[in-house]
Every structure is written in structure tokens, then in C-alpha cells.
>>> print(open('query-v4.cif').read())   # mmCIF, C-alpha atoms
data_model
#
loop_
_atom_site.label_atom_id
_atom_site.label_comp_id
_atom_site.auth_asym_id
_atom_site.auth_seq_id
_atom_site.Cartn_x
_atom_site.Cartn_y
_atom_site.Cartn_z
CA MET A 1053 20.67 0.37 -18.80
CA VAL A 1054 20.20 4.10 -18.16
CA LEU A 1055 17.15 3.24 -16.09
CA VAL A 1056 19.24 0.84 -13.98
CA VAL A 1057 21.83 3.55 -13.34
CA VAL A 1058 19.11 6.04 -12.41
CA PHE A 1059 17.56 3.55 -10.00
CA GLY A 1060 20.93 2.80 -8.41
CA VAL A 1061 21.71 6.49 -7.93
CA ALA A 1062 18.26 7.15 -6.50
CA LEU A 1063 18.62 4.20 -4.12
CA LEU A 1064 22.04 5.40 -2.94
CA ILE A 1065 20.74 8.93 -2.32
CA ALA A 1066 17.68 7.57 -0.50
CA VAL A 1067 19.80 5.42 1.80
CA LEU A 1068 22.23 8.24 2.54
CA LEU A 1069 19.38 10.63 3.34
CA SER A 1070 17.23 8.12 5.23
CA GLY A 1071 18.51 9.24 8.63
CA LEU A 1072 17.72 12.87 7.85
CA ALA A 1073 14.37 11.91 6.35
CA ALA A 1074 13.37 10.18 9.58
CA ARG A 1075 13.56 13.48 11.44
CA THR A 1076 12.22 15.90 8.82
CA VAL A 1077 9.49 16.34 6.24
CA LEU A 1078 11.45 14.28 3.71
CA SER A 1079 10.59 10.70 2.82
CA THR A 1080 12.35 8.20 0.61
CA SER A 1081 9.11 7.52 -1.29
CA PHE A 1082 8.93 11.21 -2.13
CA LEU A 1083 12.56 11.16 -3.24
CA PHE A 1084 11.90 8.35 -5.71
CA LEU A 1085 8.83 10.12 -7.06
CA VAL A 1086 10.77 13.33 -7.58
CA GLY A 1087 13.74 11.41 -9.00
CA GLY A 1088 11.54 9.64 -11.52
CA ALA A 1089 9.93 12.91 -12.56
CA LEU A 1090 13.28 14.70 -12.97
CA VAL A 1091 14.80 12.09 -15.29
CA SER A 1092 11.66 11.67 -17.39
CA ASP A 1093 10.77 13.30 -20.70
CA GLY A 1094 9.11 16.14 -18.83
CA PHE A 1095 12.45 17.42 -17.49
CA LEU A 1096 15.92 15.94 -18.16
CA GLY A 1097 14.78 13.32 -20.67
CA LEU A 1098 17.21 10.61 -19.49
CA ILE A 1099 14.58 7.87 -19.59
CA HIS A 1100 11.59 7.50 -21.89
CA ILE A 1101 8.61 5.78 -20.29
CA THR A 1102 5.00 5.91 -21.39
CA PRO A 1103 1.96 4.39 -19.67
CA ASP A 1104 1.80 1.60 -22.25
CA SER A 1105 5.48 0.63 -21.82
CA ASP A 1106 6.00 -3.02 -20.87
CA ILE A 1107 8.24 -2.05 -17.96
CA VAL A 1108 5.36 -0.18 -16.33
CA ALA A 1109 3.11 -3.24 -16.24
CA VAL A 1110 5.87 -5.67 -15.23
CA THR A 1111 7.29 -3.47 -12.47
CA ALA A 1112 3.87 -2.67 -11.03
CA ASP A 1113 2.85 -6.33 -11.12
CA LEU A 1114 5.96 -7.62 -9.34
CA ALA A 1115 6.01 -4.80 -6.82
CA LEU A 1116 2.38 -5.14 -5.78
CA PHE A 1117 2.75 -8.92 -5.45
CA ALA A 1118 5.80 -8.50 -3.19
CA VAL A 1119 4.19 -5.78 -1.07
CA LEU A 1120 0.93 -7.70 -0.60
CA PHE A 1121 2.81 -10.91 0.27
CA THR A 1122 4.79 -9.16 3.02
CA ASP A 1123 1.70 -7.23 4.15
CA GLY A 1124 -0.14 -10.53 4.52
CA MET A 1125 2.63 -11.88 6.73
CA HIS A 1126 2.05 -8.95 9.10
CA VAL A 1127 -1.54 -9.98 9.73
CA SER A 1128 -1.81 -11.43 13.21
CA PHE A 1129 -5.02 -13.41 13.67
CA SER A 1130 -4.43 -13.72 17.40
CA GLN A 1131 -4.13 -9.94 17.83
CA LEU A 1132 -7.14 -9.36 15.61
CA ARG A 1133 -9.21 -11.61 17.84
CA CYS A 1134 -8.23 -9.52 20.87
CA ALA A 1135 -8.71 -6.06 19.35
CA TRP A 1136 -10.65 -6.21 16.11
CA ARG A 1137 -13.42 -3.69 16.66
CA ASN A 1138 -11.67 -0.43 15.69
CA PRO A 1139 -9.94 -1.85 12.57
CA ALA A 1140 -13.17 -3.61 11.57
CA ARG A 1141 -15.11 -0.36 11.85
CA ALA A 1142 -12.48 1.49 9.83
CA LEU A 1143 -12.54 -1.18 7.13
CA GLY A 1144 -16.26 -2.00 7.17
CA LEU A 1145 -17.63 1.53 7.57
CA GLY A 1146 -14.89 4.11 7.09
CA MET A 1147 -13.50 2.62 3.87
CA PRO A 1148 -16.88 2.38 2.05
CA LEU A 1149 -17.75 5.91 3.20
CA ALA A 1150 -14.44 7.20 1.82
CA CYS A 1151 -15.01 5.39 -1.48
CA ALA A 1152 -18.54 6.74 -1.82
CA GLY A 1153 -17.50 10.26 -0.84
CA MET A 1154 -14.70 10.26 -3.39
CA ALA A 1155 -17.08 8.96 -6.06
CA LEU A 1156 -19.53 11.76 -5.28
CA ILE A 1157 -17.04 14.61 -5.66
CA THR A 1158 -15.42 12.94 -8.69
CA HIS A 1159 -18.74 12.70 -10.50
CA TYR A 1160 -19.88 16.26 -9.82
CA LEU A 1161 -16.55 18.10 -9.90
CA VAL A 1162 -14.70 16.17 -12.63
CA GLY A 1163 -17.63 14.91 -14.67
CA LEU A 1164 -16.79 11.21 -14.81
CA ASP A 1165 -19.63 8.71 -15.07
CA TRP A 1166 -20.77 6.99 -11.87
CA THR A 1167 -18.99 3.68 -12.53
CA THR A 1168 -15.65 5.36 -13.20
CA SER A 1169 -16.18 7.71 -10.26
CA PHE A 1170 -16.62 4.77 -7.90
CA LEU A 1171 -13.56 3.20 -9.54
CA VAL A 1172 -11.53 6.29 -8.60
CA GLY A 1173 -12.91 6.00 -5.07
CA ALA A 1174 -11.84 2.35 -4.88
CA VAL A 1175 -8.36 3.15 -6.25
CA LEU A 1176 -7.83 5.84 -3.61
CA ALA A 1177 -9.43 3.91 -0.72
CA PRO A 1178 -6.33 1.94 0.46
CA THR A 1179 -4.08 3.67 2.97
CA ASP A 1180 -0.38 3.27 3.68
CA PRO A 1181 1.20 3.49 7.18
CA VAL A 1182 4.57 4.42 5.70
CA PHE A 1183 3.79 8.13 5.87
CA ALA A 1184 2.79 7.85 9.54
CA SER A 1185 5.98 6.03 10.51
CA ALA A 1186 6.86 8.56 13.19
CA ILE A 1187 3.61 7.54 14.91
CA VAL A 1188 3.04 3.83 14.36
CA GLY A 1189 6.50 2.79 15.55
CA ARG A 1190 6.74 4.68 18.83
CA LYS A 1191 5.71 3.37 22.24
CA GLU A 1192 4.76 6.89 23.40
CA VAL A 1193 1.79 6.79 21.03
CA PRO A 1194 -1.21 4.85 22.42
CA ALA A 1195 -1.14 1.24 21.26
CA ARG A 1196 -4.76 1.31 20.08
CA LEU A 1197 -3.98 4.12 17.63
CA ARG A 1198 -0.90 2.34 16.31
CA GLN A 1199 -2.85 -0.88 15.90
CA LEU A 1200 -5.70 0.85 14.08
CA LEU A 1201 -3.40 2.48 11.52
CA ASN A 1202 -1.35 -0.69 10.99
CA VAL A 1203 -4.18 -3.20 10.69
CA GLU A 1204 -6.34 -0.93 8.55
CA SER A 1205 -3.54 -0.21 6.08
CA GLY A 1206 -2.37 -3.82 6.02
CA ILE A 1207 -5.76 -5.24 5.06
CA ASN A 1208 -7.45 -2.56 2.96
CA ASP A 1209 -5.10 -3.15 0.01
CA GLY A 1210 -6.51 -6.65 -0.43
CA LEU A 1211 -10.10 -5.54 0.18
CA ALA A 1212 -9.96 -2.80 -2.43
CA LEU A 1213 -8.47 -5.00 -5.16
CA PRO A 1214 -11.59 -7.05 -6.07
CA VAL A 1215 -13.67 -3.87 -6.14
CA VAL A 1216 -11.17 -2.17 -8.47
CA LEU A 1217 -11.10 -5.14 -10.85
CA LEU A 1218 -14.87 -5.58 -10.93
CA LEU A 1219 -15.45 -1.86 -11.53
CA ILE A 1220 -12.90 -1.92 -14.37
CA ALA A 1221 -14.90 -4.76 -15.90
CA ALA A 1222 -18.18 -2.88 -15.38
CA ALA A 1223 -16.76 0.22 -17.05
CA GLY A 1224 -15.71 -1.76 -20.15
CA PRO A 1225 -16.25 -0.21 -23.59
CA ALA A 1226 -18.67 -2.78 -25.04
CA ALA A 1227 -22.21 -3.55 -23.95
CA GLY A 1228 -22.45 -6.93 -22.31
CA GLN A 1229 -18.69 -7.22 -21.97
CA GLY A 1230 -18.85 -6.17 -18.33
CA GLN A 1231 -20.87 -9.20 -17.31
CA THR A 1232 -18.55 -11.62 -19.07
CA SER A 1233 -15.45 -9.90 -17.74
CA GLY A 1234 -16.99 -9.74 -14.28
CA SER A 1235 -17.55 -13.51 -14.27
CA ARG A 1236 -14.01 -14.11 -15.43
CA ILE A 1237 -12.58 -11.80 -12.78
CA ALA A 1238 -14.66 -13.51 -10.09
CA LEU A 1239 -13.19 -16.86 -11.18
CA GLU A 1240 -9.67 -15.43 -11.15
CA LEU A 1241 -10.20 -14.05 -7.65
CA ALA A 1242 -11.52 -17.40 -6.42
CA LEU A 1243 -8.55 -19.24 -7.92
CA GLY A 1244 -6.14 -16.73 -6.41
CA LEU A 1245 -7.65 -17.16 -2.97
CA ALA A 1246 -7.57 -20.94 -3.32
CA PHE A 1247 -3.91 -20.99 -4.37
CA GLY A 1248 -3.02 -18.51 -1.63
CA VAL A 1249 -4.48 -20.81 1.01
CA LEU A 1250 -3.56 -24.24 -0.37
CA LEU A 1251 0.08 -23.65 -1.34
CA PRO A 1252 1.19 -22.56 2.17
CA LEU A 1253 -0.65 -25.58 3.58
CA VAL A 1254 1.28 -27.88 1.24
CA VAL A 1255 4.60 -26.20 2.02
CA ASN A 1256 3.96 -26.36 5.75
CA GLY A 1257 3.10 -30.05 5.43
CA LEU A 1258 6.34 -30.75 3.59
CA VAL A 1259 8.38 -28.96 6.25
CA ARG A 1260 6.93 -31.24 8.92
CA PHE A 1261 8.23 -34.39 7.24
CA ARG A 1262 10.95 -35.94 9.40
CA LEU A 1263 13.56 -36.11 6.63
CA LEU A 1264 12.87 -32.57 5.39
CA GLY A 1265 13.63 -29.18 6.89
CA ALA A 1266 15.67 -26.06 6.22
CA GLU A 1267 18.90 -25.23 7.98
CA PRO A 1268 18.85 -21.87 9.79
CA LYS A 1269 20.69 -19.80 7.18
CA LEU A 1270 18.31 -20.98 4.43
CA GLN A 1271 15.06 -20.61 6.38
CA PRO A 1272 14.36 -17.09 4.98
CA LEU A 1273 14.29 -18.61 1.50
CA LEU A 1274 11.37 -20.92 2.30
CA PRO A 1275 8.70 -18.16 2.15
CA LEU A 1276 10.55 -16.67 -0.82
CA ALA A 1277 10.33 -19.96 -2.71
CA THR A 1278 6.64 -20.18 -1.83
CA GLY A 1279 6.07 -16.69 -3.21
CA VAL A 1280 7.97 -17.39 -6.43
CA ILE A 1281 6.01 -20.60 -7.08
CA LEU A 1282 2.74 -18.83 -6.30
CA TYR A 1283 3.51 -15.94 -8.62
CA ALA A 1284 4.32 -18.27 -11.53
CA LEU A 1285 1.35 -20.53 -10.80
CA CYS A 1286 -1.05 -17.59 -10.82
CA HIS A 1287 0.22 -16.29 -14.15
CA LEU A 1288 0.13 -19.75 -15.73
CA THR A 1289 -3.49 -20.31 -14.68
CA HIS A 1290 -4.67 -16.67 -14.88
CA ALA A 1291 -5.52 -16.69 -11.19
CA ASN A 1292 -5.38 -13.32 -9.51
CA PRO A 1293 -1.82 -12.99 -8.13
CA TYR A 1294 -2.54 -10.10 -5.76
CA LEU A 1295 -5.26 -11.76 -3.71
CA ALA A 1296 -3.16 -14.94 -3.76
CA ALA A 1297 -0.12 -13.05 -2.45
CA PHE A 1298 -1.96 -11.42 0.46
CA SER A 1299 -3.79 -14.58 1.52
CA ALA A 1300 -0.65 -16.72 1.18
CA GLY A 1301 1.35 -14.34 3.36
CA ALA A 1302 -1.34 -14.35 6.06
CA VAL A 1303 -1.77 -18.13 6.02
CA LEU A 1304 1.96 -18.83 5.98
CA ALA A 1305 2.58 -16.50 8.92
CA SER A 1306 -0.26 -18.14 10.85
CA LEU A 1307 0.91 -21.69 10.15
CA SER A 1308 4.60 -21.06 10.70
CA PRO A 1309 5.54 -18.13 12.97
CA GLU A 1310 9.20 -19.19 12.73
CA SER A 1311 9.09 -18.72 8.95
CA LYS A 1312 7.53 -15.31 9.44
CA THR A 1313 10.34 -14.30 11.80
CA ALA A 1314 13.08 -15.69 9.55
CA PHE A 1315 11.68 -14.02 6.44
CA ALA A 1316 10.89 -10.63 8.03
CA SER A 1317 14.14 -8.83 7.21
CA LEU A 1318 14.59 -10.32 3.72
CA GLY A 1319 10.93 -9.85 2.84
CA GLU A 1320 10.88 -6.21 3.87
CA SER A 1321 14.04 -5.48 1.89
CA LEU A 1322 12.72 -7.16 -1.25
CA ALA A 1323 9.36 -5.43 -0.94
CA GLU A 1324 11.00 -2.05 -0.44
CA LEU A 1325 13.23 -2.51 -3.49
CA ALA A 1326 10.24 -3.46 -5.61
CA LYS A 1327 8.26 -0.53 -4.23
CA PHE A 1328 11.08 1.93 -4.91
CA ALA A 1329 11.37 0.70 -8.50
CA ALA A 1330 7.63 1.11 -9.06
CA LEU A 1331 7.62 4.56 -7.46
CA LEU A 1332 10.49 5.62 -9.74
CA ILE A 1333 8.50 4.43 -12.77
CA PHE A 1334 5.38 6.15 -11.45
CA GLY A 1335 7.35 9.35 -10.89
CA ALA A 1336 8.52 9.24 -14.50
CA LEU A 1337 4.86 9.37 -15.55
CA LEU A 1338 4.25 12.53 -13.45
CA THR A 1339 5.03 14.97 -16.25
CA PRO A 1340 4.02 18.65 -16.40
CA GLN A 1341 1.53 17.66 -19.08
CA LEU A 1342 -0.22 15.29 -16.67
CA PHE A 1343 -0.69 18.04 -14.08
CA GLY A 1344 -1.83 20.40 -16.84
CA ASP A 1345 -4.45 17.92 -18.04
CA LEU A 1346 -6.30 18.01 -14.71
CA SER A 1347 -9.11 20.52 -14.60
CA LEU A 1348 -9.73 23.04 -11.83
CA GLY A 1349 -12.56 20.84 -10.58
CA GLY A 1350 -10.10 17.96 -10.46
CA TYR A 1351 -7.74 19.90 -8.22
CA VAL A 1352 -10.63 20.81 -5.93
CA ALA A 1353 -11.53 17.11 -5.77
CA VAL A 1354 -7.92 16.24 -4.90
CA VAL A 1355 -7.85 18.72 -2.02
CA LEU A 1356 -11.21 17.53 -0.73
CA ALA A 1357 -10.08 13.92 -0.94
CA ILE A 1358 -7.16 14.64 1.38
CA VAL A 1359 -8.58 17.17 3.85
CA LEU A 1360 -12.27 16.17 3.93
CA ILE A 1361 -13.19 12.72 2.60
CA ARG A 1362 -10.81 10.58 4.67
CA PRO A 1363 -11.19 12.58 7.92
CA ALA A 1364 -14.98 12.68 7.59
CA SER A 1365 -15.26 8.96 6.81
CA LEU A 1366 -13.37 8.04 10.00
CA LEU A 1367 -15.05 10.62 12.20
CA LEU A 1368 -18.55 9.71 10.99
CA SER A 1369 -18.03 5.99 11.53
CA PRO A 1370 -17.88 4.78 15.16
CA VAL A 1371 -14.12 4.22 15.01
CA GLY A 1372 -12.16 4.85 18.17
CA ALA A 1373 -15.12 5.19 20.53
CA HIS A 1374 -12.69 5.31 23.45
CA PHE A 1375 -10.05 7.44 21.71
CA ASP A 1376 -9.30 10.89 23.04
CA ARG A 1377 -9.44 13.95 20.78
CA ARG A 1378 -5.79 13.78 19.69
CA GLU A 1379 -6.06 10.11 18.78
CA LYS A 1380 -9.24 10.62 16.74
CA LEU A 1381 -7.76 13.52 14.82
CA ALA A 1382 -4.53 11.62 14.10
CA ALA A 1383 -6.43 8.54 12.89
CA ALA A 1384 -8.70 10.69 10.72
CA TRP A 1385 -5.84 12.62 9.13
CA PHE A 1386 -3.50 9.75 8.36
CA GLY A 1387 -5.23 8.13 5.43
CA PRO A 1388 -2.44 8.62 2.89
CA LYS A 1389 -2.81 7.32 -0.63
CA GLY A 1390 0.03 4.84 -0.81
CA PHE A 1391 1.70 2.33 -3.03
CA ALA A 1392 -1.38 0.16 -3.68
CA SER A 1393 -3.19 3.18 -5.09
CA VAL A 1394 -0.24 3.77 -7.42
CA VAL A 1395 -0.52 0.27 -8.86
CA TYR A 1396 -4.31 0.28 -9.00
CA GLY A 1397 -4.16 3.59 -10.85
CA LEU A 1398 -1.82 2.03 -13.40
CA LEU A 1399 -4.23 -0.90 -13.78
CA VAL A 1400 -6.98 1.57 -14.61
CA LEU A 1401 -4.78 3.41 -17.10
CA GLN A 1402 -3.92 0.20 -18.95
CA SER A 1403 -7.47 -1.18 -18.85
CA GLY A 1404 -8.68 0.63 -21.96
CA ILE A 1405 -11.99 1.74 -20.41
CA PRO A 1406 -13.50 4.90 -21.94
CA GLN A 1407 -12.45 7.36 -19.20
CA ALA A 1408 -9.25 5.61 -18.14
CA GLU A 1409 -6.95 8.57 -18.77
CA GLN A 1410 -9.11 11.02 -16.83
CA ALA A 1411 -9.45 8.59 -13.92
CA TYR A 1412 -5.71 7.93 -13.88
CA THR A 1413 -4.82 11.63 -14.06
CA LEU A 1414 -7.05 12.43 -11.08
CA SER A 1415 -5.73 9.45 -9.09
CA ALA A 1416 -2.07 10.18 -9.89
CA VAL A 1417 -2.28 13.84 -8.87
CA CYS A 1418 -4.15 12.90 -5.68
CA ILE A 1419 -1.49 10.31 -4.79
CA ALA A 1420 1.33 12.81 -5.40
CA PHE A 1421 -0.36 15.48 -3.28
CA SER A 1422 -1.10 12.95 -0.53
CA ILE A 1423 2.51 11.79 -0.36
CA VAL A 1424 3.66 15.40 0.07
CA ALA A 1425 0.97 16.27 2.64
CA HIS A 1426 1.19 13.20 4.84
CA SER A 1427 4.93 12.61 4.71
CA SER A 1428 5.50 16.19 5.86
CA THR A 1429 3.09 16.11 8.80
CA ASP A 1430 3.78 12.85 10.66
CA VAL A 1431 6.62 14.40 12.66
CA PRO A 1432 4.56 17.38 13.94
CA VAL A 1433 1.64 15.08 14.78
CA ALA A 1434 3.99 12.68 16.57
CA ARG A 1435 5.20 15.52 18.75
CA MET A 1436 1.64 15.95 20.03
CA PHE A 1437 2.14 12.57 21.70
CA ARG A 1438 5.50 13.72 23.09
CA VAL A 1439 7.52 11.48 20.80
CA ASN A 1440 11.07 12.79 21.09
CA ASP A 1441 13.08 10.07 19.36
CA LEU A 1442 12.25 10.56 15.67
CA VAL A 1443 15.36 9.05 14.16
CA GLY A 1444 13.34 6.07 13.01
CA ILE A 1445 15.70 3.46 14.50
CA PRO A 1446 14.24 2.31 17.84
CA ASP A 1447 16.55 1.47 20.67
CA VAL A 1448 16.81 -2.00 22.19
CA ALA A 1449 14.26 -1.30 24.90
CA ASP A 1450 11.73 -0.12 22.33
CA ALA A 1451 12.33 -3.13 20.12
CA GLU A 1452 11.74 -5.50 23.01
CA SER A 1453 8.63 -3.71 24.25
CA ASN A 1454 6.83 -3.38 20.92
CA ASP A 1455 5.17 -6.28 19.13
CA VAL A 1456 5.89 -7.13 15.51
CA PRO A 1457 2.97 -5.34 13.79
CA GLU A 1458 3.56 -2.13 15.75
CA GLN A 1459 7.28 -2.25 15.07
CA ARG A 1460 6.60 -2.56 11.38
CA GLY A 1461 6.10 1.19 11.01
CA ALA A 1462 9.47 1.94 12.58
CA ASP A 1463 11.26 -0.75 10.62
CA ARG A 1464 9.92 0.76 7.41
CA ALA A 1465 10.36 4.32 8.65
CA ARG A 1466 10.08 7.07 6.08
CA THR A 1467 10.00 4.74 3.07
#
>>> encode(input="query-v4.cif", output="C-alpha cells")
Amino acid sequence: MVLVVVFGVALLIAVLLSGLAARTVLSTSFLFLVGGALVSDGFLGLIHITPDSDIVAVTADLALFAVLFTDGMHVSFSQLRCAWRNPARALGLGMPLACAGMALITHYLVGLDWTTSFLVGAVLAPTDPVFASAIVGRKEVPARLRQLLNVESGINDGLALPVVLLLIAAAGPAAGQGQTSGSRIALELALGLAFGVLLPLVVNGLVRFRLLGAEPKLQPLLPLATGVILYALCHLTHANPYLAAFSAGAVLASLSPESKTAFASLGESLAELAKFAALLIFGALLTPQLFGDLSLGGYVAVVLAIVLIRPASLLLSPVGAHFDRREKLAAAWFGPKGFASVVYGLLVLQSGIPQAEQAYTLSAVCIAFSIVAHSSTDVPVARMFRVNDLVGIPDVADAESNDVPEQRGADRART
């Protein structure tokens, strides 16, 4: 119950400071991280959480499912058909380059084996637009830059997941176990994708029956019910729930735009609550001992991951061929390690692979540093594009002029 009280207090403080955070270097995600760290055993000792605690696995599992489901509903196939080249280059070229670059410095600076080094690269490959909210939600910023950051961050979570799971299997402790585990994981991914596509099709078919249909005030619960059924179905059949969540959100939004619109507010709120809870738990694991366990080479790798690997991967790939210098630099810099990396890092920690603790320590410190660096620089970068309104709550004219995916960054400003 102490943990519930701590979460409630942290949520209240975050809401009360959200207006200030939208205009300064603060962010609510950072507040939950710091709050979790302060109440943990490393400082005040109000809550006692270890990496093998059941609440860590359960919270991370539910939170990532909710976030990926809502992320999937932000995927617009029609918009991707019109402007897919820059996001495709960022995902198809920039993301593998970032993963390989991170694996290279992890292997030589930290001393992890190649499989675990690539696993660290895959964990840290996903980006999060939350820490660029002052940019992605403002009409003063060129639409192509906003679209690149939004689409890249919305899709790379799902792309990185199979790689993370397969590398965990390949890094298993017993000879021959990797192949068996890899086959099992491939089957789980296939089942997850199948459920994520088929269940929304079934639900959409039921809605179209003449005698069936939801009244307006209950329409937001239709996608919620779909998500709940999907989550339970995946765990009963051992299908991968994360790939199922992302694909189900994308398919449901494509089949039923009205459901997407009705669920938008409720879905974002539920996803944010789940994310805040997971960030609080993650913050409780950021003890002084964890930072002390990272070697000097590890800290060098963390700095290089933030200031070199991501920028170089975007600048070396032909992303933003028609971007001006400011747009290229902004796109290259804003590759923050976000919530998906938090959960993937916890998956690595709980996997039991030989170098799990070292990989998790490096990933956790890199995520913490990235949150500080990127959440404190989006406002200055936004001012380069002459963005004056940084409150984070767009006016009516802005809301009407921006499309849904671009508005997403402002709606989730500074979370």
C-alpha cells in the first residue's frame, strides 16, 4: 500500500507541475524516475523493489502492452503511403546503423560478448517522441520533421522487439538452447501477429451487424475491450502480447477510424498511467549501487550512445534529403531512449543470460542520461524554429490545423 501512496503523490505532483514542465527543462517522466529513486532502498527506503520482484515484471508487461496498443492506433497507413520515404530510411537504415554502432562500442569499451552487445544495441534502438514534445506538436516546425520523429518512434518499438527476444534466446546459457528458444519465440511472434490482425477483424465484423453497435458514451470501451481480450488471449496461448498489441492497434485504427477517435483520449490516459507506474518502478531500481557498478568504459559508451551513435546513424543514412541544416540536426539529435527501452532492459535483466546484469546496468544508465539530456533540450531546439508557445496545450487554431499523428506530441507533452 505504501507503493500506491507513493504513486499517487508522484502523480499529483506531476500533474501540478505539468504546466511548468511544458515550458522548462523538466519533464514528468523525469519526475517519476527521480521519485522512484528517492523512495527506494538507495535513499529513503520507503519501498523495497528488486529486479526479480513480481511487481517489476507485471508492471512492465502491462505498461508496454498499453503503450504499444495506443502507438499502433497512431499509425496512419494513408499518411505513410503519401510520405513514407524519410521514416522508412530512418527505420531501415538509421536504426540498424545505430544498433550496430552501439554494439561496437559496447563490445570494445564494456567488454560484453558480441551477442549481448548487439542485444544492448537493440534495447537502446527504439526512440520516444515524448522528449521532443516541444517540436513534434507545433505547426511552426516543418511538417516533414514532425512526421519523421513521430512515425519513426511509433514504429521502431515494434520492430526492435523481435530482435531483442531473438538475441536473448541466442545469448542463452546452455549450448543448443538458443536454437530451441529461437524457434519457440518465432512461433510466439507469429501467433501474436495473427491474433493482432484477426481479433480486430472479428470485432469490426461484429460491429457491422445490424442489431449490434455501441452507443456514443460507450464507444471508447470497444477498443479497450478488444485490448483486454487480446492481452488475456496472448497469455493463455503464450503468443507474444507486444507484437499483438501494436498490430491490433494499427489494424483497428485502419478498419474503424471512428473507434480510433473515440478511444484516443481514454487510450492516452491509460497508457500514460501505465507508463508512469513503470517509470516509478524503474526509478526505484536506479540505486547508487547501480551507477557505481558501471565501469568508466561503460560511462564513455553511454555518452557516445547519446552524442555520437544516434546522430551519426541518421546523418550517414539518406534521411531528410530535402531537409535544411536545422531540420537534419534536430532529427539527428532527438533519438531519446524512451519507455520501450526501459521495458526491454527489464526483459534482459530477468532473462537469466550470462551477462544480463552488465547489459541491464549499461542500458539503465544510458536511458537515465538520455531522459535528462533530451528532455532538457527540446525547448531550446524548438526556439530555433521560432516556436513561441511552449505551454504544451495548443490553441483551437493549432488543433484544427494539425493532423492526429502530429498532434500526438503536443497531447502527450512533457510526459
>>> residues_around(input="query-v4.cif", residues="Ile1101 (chain A)", least_positions_apart="6", cutoff="12 Å", atoms="all atoms listed in the file", output="ChimeraX atom specification")
/A:1054-1055,1088-1089,1091-1094,1107-1109,1332-1339
>>> closest_atom_pairs(input="query-v4.cif", of="region 1054-1137 of chain A", to="region 1288-1307 of chain A", cutoff="6 Å", atoms="only C-alpha atoms", output="tab-separated table")
residue	atom	partner	partner_atom	distance
A:Phe1117	CA	A:Tyr1294	CA	5.4
A:Leu1120	CA	A:Phe1298	CA	4.8
A:Phe1121	CA	A:Ala1297	CA	4.5
A:Gly1124	CA	A:Gly1301	CA	4.3
A:Met1125	CA	A:Gly1301	CA	4.4
A:Val1127	CA	A:Ala1302	CA	5.7
>>> closest_residue(input="query-v4.cif", among="A:Leu1176, A:Leu1171, A:Ala1246, A:Leu1149", to="Ile1358 (chain A)", atoms="only C-alpha atoms")
A:Leu1176
>>> resolve_selection(input="query-v4.cif", expression="the PyMOL selection byres ((chain A and resi 1343) around 12)", output="MDAnalysis selection string")
chainID A and resid 1089 1094 1337:1342 1344:1348 1350:1351 1354 1410 1412:1418 1420:1421
>>> resolve_selection(input="query-v4.cif", expression="the PyMOL selection byres ((chain A and resi 1273-1276) around 9)", output="list in words")
Pro1252, Val1255, Ala1266, Lys1269, Leu1270, Gln1271, Pro1272, Ala1277, Thr1278, Gly1279, Val1280, Ile1281, Gly1301, Leu1304, Ser1311, Lys1312, Ala1314, Phe1315, Leu1318 and Gly1319 of chain A
